[in-house]
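> Have a look at this one before I ask anything.
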Amino acid sequence: MKQGLLLLNLGTPDSPEPKDVGSYLNEFLMDPFVIDIPKPLRWILVKVLIVPLRKYKSSDAYKTVWTKEGSPLLRHLLNLTDEVRRELGLFWSVQPGMRYGNPNIVSGLKKLKDSGVTDLVVLPLYPQYAESSSRSSIEKVREELKVLGWTPKVKIIRSFQDDAGHIAAWVELLKSRTPGSHVLFSYHGLPERHLKKSDPSGTYCLDGGSATQAESKVRKYDCCLKAIETKCPATETCYRSQALHSTLLIVKELSLKDSEWSLGFQSRLGRTPWIRPYTDEVIPDLAKRGVKSLTVVTPSFVADCLETIEEIGDRAKEIFLEAGGENFERIECLNSRPTWVKAVANLAKNSTT
């Protein structure tokens, strides 16, 4: 038997130019797990209203993060793949794949098949489960396996928000933060309806914070907290509770007091309600309440990308300083740091035992 590992991330344009950004946005936004409305309406919304205009604005943003090596997200995925391959050794074949863009999922699967893999581990690199990222990637893998006519033994790691190695990697990074700085845990946001749809119990309660209560503490997440403590089955697909779980585990390891950290959700689009509190409202609220030094960490992203470098490193910094803050720092993502490489290798090995 030969073990195989497919490392998945969401995707990136082939270049920061409007044409390539537009192609990427079309593929991404036409995914029914991302914009979950009837296909004819989605087609009009994406191809007529969103992409023709947004590709230029997004192109400008991508140009600010693009490097000589290309997309940061792709560079970090390829580096992680190389390091995990070395960590796992000769009896493993490790390949990268992007849900949208290149290298795509089918190219990774073909290489794994051709290398003689019989047991396949699929690891979407999204710590917290969401239908628009985790499920979409998993369903695409299953679809491509059928097209290839390949039937290896497959193990899928749906989420790893509470994995000890994953948490340890974030704790290691945060230990180097500015002493005394308030820590904001900023996660990618989701429309509220996505969480309702992914809740098998049908009791999703939306009890976490509001626009007028921007600071986020455990008391505003009583439902999520109780679900975590009781190991409620609903937490297996609840993105918000998994984000809280990751946060609480990191907070515990760092011995942070309630007054020393906050939680927010970023990157919302459109007019429909997204899960709260919103990062771009939490940040100025913290400054107005007297926080002068702010450290922002993004534990829903394992690799630096547009959302971490430009949205947090540039725009969030500007918001904080304009609101009266004095010192702002962004903690880089795990990328291909040794602690994270070992954590990924262990996730793969432990999934086969």
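Simple scheme: letters A, B, ... for chains in structure tokens order, numbers from 1 for residues in each chain, numbers from 1 for ligands in the order shown.
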Excluding Ile157 of chain A and its own-chain neighbours fewer than 4 positions away, which residues fall within 10 Å of it when counting only C-alpha atoms? Please give them as a count of residues only.
13
> Pull the closest atom pair for each residue of segment 85-166 of chain A that gets at most 9 Å from segment 16-31 of chain A, along with the distance in Å to one decimal, counting only C-alpha atoms, ordering rows by chain and then ascending residue number, as JSON lines.

{"residue": "A:Arg99", "atom": "CA", "partner": "A:Phe28", "partner_atom": "CA", "distance": 8.4}
{"residue": "A:Tyr100", "atom": "CA", "partner": "A:Phe28", "partner_atom": "CA", "distance": 6.2}
{"residue": "A:Gly101", "atom": "CA", "partner": "A:Tyr24", "partner_atom": "CA", "distance": 6.4}
{"residue": "A:Ser132", "atom": "CA", "partner": "A:Asp31", "partner_atom": "CA", "distance": 8.3}
{"residue": "A:Ser136", "atom": "CA", "partner": "A:Asp31", "partner_atom": "CA", "distance": 7.9}
> Interatomic distance between atom CA of Ser241 of chain A and atom CA of Ala164 of chain A?
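Result for atom CA of Ser241 of chain A versus atom CA of Ala164 of chain A: 17.1 Å, one decimal.
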> Pick out the residues sitting within 10 Å of segment 232-236 of chain A, and hand them over as number ranges by chain; count only C-alpha atoms, and ignore anything fewer than 4 positions along from it in its own chain.
A: 128-130, 158-159, 198-204, 224-228, 240-242, 245
> Hey, can you spit out that residue selection with N, CA and C atoms as an mmCIF file, in the first residue's frame?

data_model
loop_
_atom_site.group_PDB
_atom_site.id
_atom_site.type_symbol
_atom_site.label_atom_id
_atom_site.label_comp_id
_atom_site.auth_asym_id
_atom_site.auth_seq_id
_atom_site.Cartn_x
_atom_site.Cartn_y
_atom_site.Cartn_z
ATOM 1 N N GLN A 128 -11.876 25.374 10.120
ATOM 2 C CA GLN A 128 -13.272 25.322 10.549
ATOM 3 C C GLN A 128 -14.155 24.955 9.353
ATOM 4 N N TYR A 129 -15.080 24.041 9.571
ATOM 5 C CA TYR A 129 -15.916 23.544 8.482
ATOM 6 C C TYR A 129 -16.918 24.586 8.000
ATOM 7 N N ALA A 130 -17.032 24.724 6.682
ATOM 8 C CA ALA A 130 -18.070 25.555 6.074
ATOM 9 C C ALA A 130 -18.457 24.926 4.738
ATOM 10 N N ARG A 158 -12.509 16.621 7.562
ATOM 11 C CA ARG A 158 -13.456 17.704 7.283
ATOM 12 C C ARG A 158 -13.106 19.009 7.999
ATOM 13 N N SER A 159 -12.518 18.908 9.179
ATOM 14 C CA SER A 159 -12.112 20.105 9.928
ATOM 15 C C SER A 159 -11.075 19.695 10.960
ATOM 16 N N SER A 198 -26.376 24.430 7.201
ATOM 17 C CA SER A 198 -25.442 23.363 7.580
ATOM 18 C C SER A 198 -25.721 22.792 8.960
ATOM 19 N N ASP A 199 -26.783 23.268 9.627
ATOM 20 C CA ASP A 199 -27.118 22.814 10.973
ATOM 21 C C ASP A 199 -28.087 21.634 10.899
ATOM 22 N N PRO A 200 -27.628 20.419 11.198
ATOM 23 C CA PRO A 200 -28.506 19.246 11.080
ATOM 24 C C PRO A 200 -29.633 19.243 12.112
ATOM 25 N N SER A 201 -29.469 19.997 13.203
ATOM 26 C CA SER A 201 -30.501 20.024 14.238
ATOM 27 C C SER A 201 -31.617 21.005 13.923
ATOM 28 N N GLY A 202 -31.343 21.963 13.012
ATOM 29 C CA GLY A 202 -32.337 22.962 12.665
ATOM 30 C C GLY A 202 -32.625 23.960 13.769
ATOM 31 N N THR A 203 -31.676 24.116 14.693
ATOM 32 C CA THR A 203 -31.901 25.004 15.848
ATOM 33 C C THR A 203 -30.869 26.127 15.908
ATOM 34 N N TYR A 204 -30.200 26.420 14.806
ATOM 35 C CA TYR A 204 -29.179 27.471 14.826
ATOM 36 C C TYR A 204 -29.783 28.763 15.378
ATOM 37 N N CYS A 224 -23.110 28.304 21.544
ATOM 38 C CA CYS A 224 -21.919 27.652 20.979
ATOM 39 C C CYS A 224 -21.073 27.030 22.076
ATOM 40 N N LEU A 225 -20.905 27.754 23.170
ATOM 41 C CA LEU A 225 -20.072 27.269 24.264
ATOM 42 C C LEU A 225 -20.645 25.986 24.861
ATOM 43 N N LYS A 226 -21.956 25.966 25.096
ATOM 44 C CA LYS A 226 -22.580 24.766 25.640
ATOM 45 C C LYS A 226 -22.468 23.602 24.663
ATOM 46 N N ALA A 227 -22.616 23.913 23.366
ATOM 47 C CA ALA A 227 -22.516 22.864 22.344
ATOM 48 C C ALA A 227 -21.123 22.244 22.331
ATOM 49 N N ILE A 228 -20.103 23.080 22.474
ATOM 50 C CA ILE A 228 -18.725 22.584 22.508
ATOM 51 C C ILE A 228 -18.507 21.713 23.736
ATOM 52 N N ARG A 240 -19.333 28.785 13.149
ATOM 53 C CA ARG A 240 -19.163 29.766 14.212
ATOM 54 C C ARG A 240 -18.696 29.117 15.511
ATOM 55 N N SER A 241 -19.281 27.982 15.869
ATOM 56 C CA SER A 241 -18.868 27.321 17.104
ATOM 57 C C SER A 241 -17.441 26.796 16.985
ATOM 58 N N GLN A 242 -17.053 26.365 15.798
ATOM 59 C CA GLN A 242 -15.686 25.891 15.601
ATOM 60 C C GLN A 242 -14.687 27.038 15.673
ATOM 61 N N HIS A 245 -14.322 27.689 19.268
ATOM 62 C CA HIS A 245 -13.542 26.616 19.882
ATOM 63 C C HIS A 245 -12.040 26.837 19.666
#
> Please provide the set of residues having any atom within 8 Å of Glu144 of chain A, restricted to only C-alpha atoms, with same-chain residues fewer than 2 positions apart removed, written as a PyMOL selection string.
chain A and resi 105-106+109+140-142+146-148
> Can you spit out the residues from that selection as an mmCIF file, in the first residue's frame, using C-alpha atoms?

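Saved result, out_31.cif, follows:
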data_model
loop_
_atom_site.group_PDB
_atom_site.id
_atom_site.type_symbol
_atom_site.label_atom_id
_atom_site.label_comp_id
_atom_site.auth_asym_id
_atom_site.auth_seq_id
_atom_site.Cartn_x
_atom_site.Cartn_y
_atom_site.Cartn_z
ATOM 1 C CA ILE A 105 -7.930 19.254 -7.907
ATOM 2 C CA VAL A 106 -7.967 16.889 -10.878
ATOM 3 C CA LEU A 109 -5.537 13.468 -8.121
ATOM 4 C CA LYS A 140 -15.330 18.369 -6.061
ATOM 5 C CA VAL A 141 -12.838 15.674 -5.043
ATOM 6 C CA ARG A 142 -15.575 13.042 -5.100
ATOM 7 C CA LYS A 146 -15.620 9.374 -10.405
ATOM 8 C CA VAL A 147 -14.490 11.031 -13.638
ATOM 9 C CA LEU A 148 -11.054 9.447 -13.275
#
> Taking the backbone alone, and naming residues the way the document does, which bits of segment 91-256 of chain A are strand (DSSP E) by DSSP, as a list in words?
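Everything in segment 91-256 of chain A that counts as strand (DSSP E) is Trp92, Ser93, Val94, Gln95, Pro96, Gly97, Met98, Arg99, Tyr100, Asp119, Leu120, Val121, Val122, Leu123, Pro124, Lys153, Val154, Lys155, Ile156, His182, Val183, Leu184, Phe185, Ser186, Tyr187 and His188 of chain A.
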> Give the answer as one residue: which of A:Trp340, A:Tyr239, A:Trp261, A:Trp150 has the shortest atom-to-atom distance to Ser133 of chain A, using only C-alpha atoms?
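Closest residue, counting only C-alpha atoms: A:Tyr239.
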> Given the choices A:Phe91, A:Tyr56, A:Trp170, A:Phe301, which gets closest to Leu249 of chain A if the distance is worked out from only C-alpha atoms?
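For Leu249 of chain A, the nearest of the candidates is A:Trp170.
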> With distances taken over only C-alpha atoms, which residue among A:Ser93, A:Asn335, A:Gln3, A:Ser181 lies nearest Thr308 of chain A?
A:Asn335
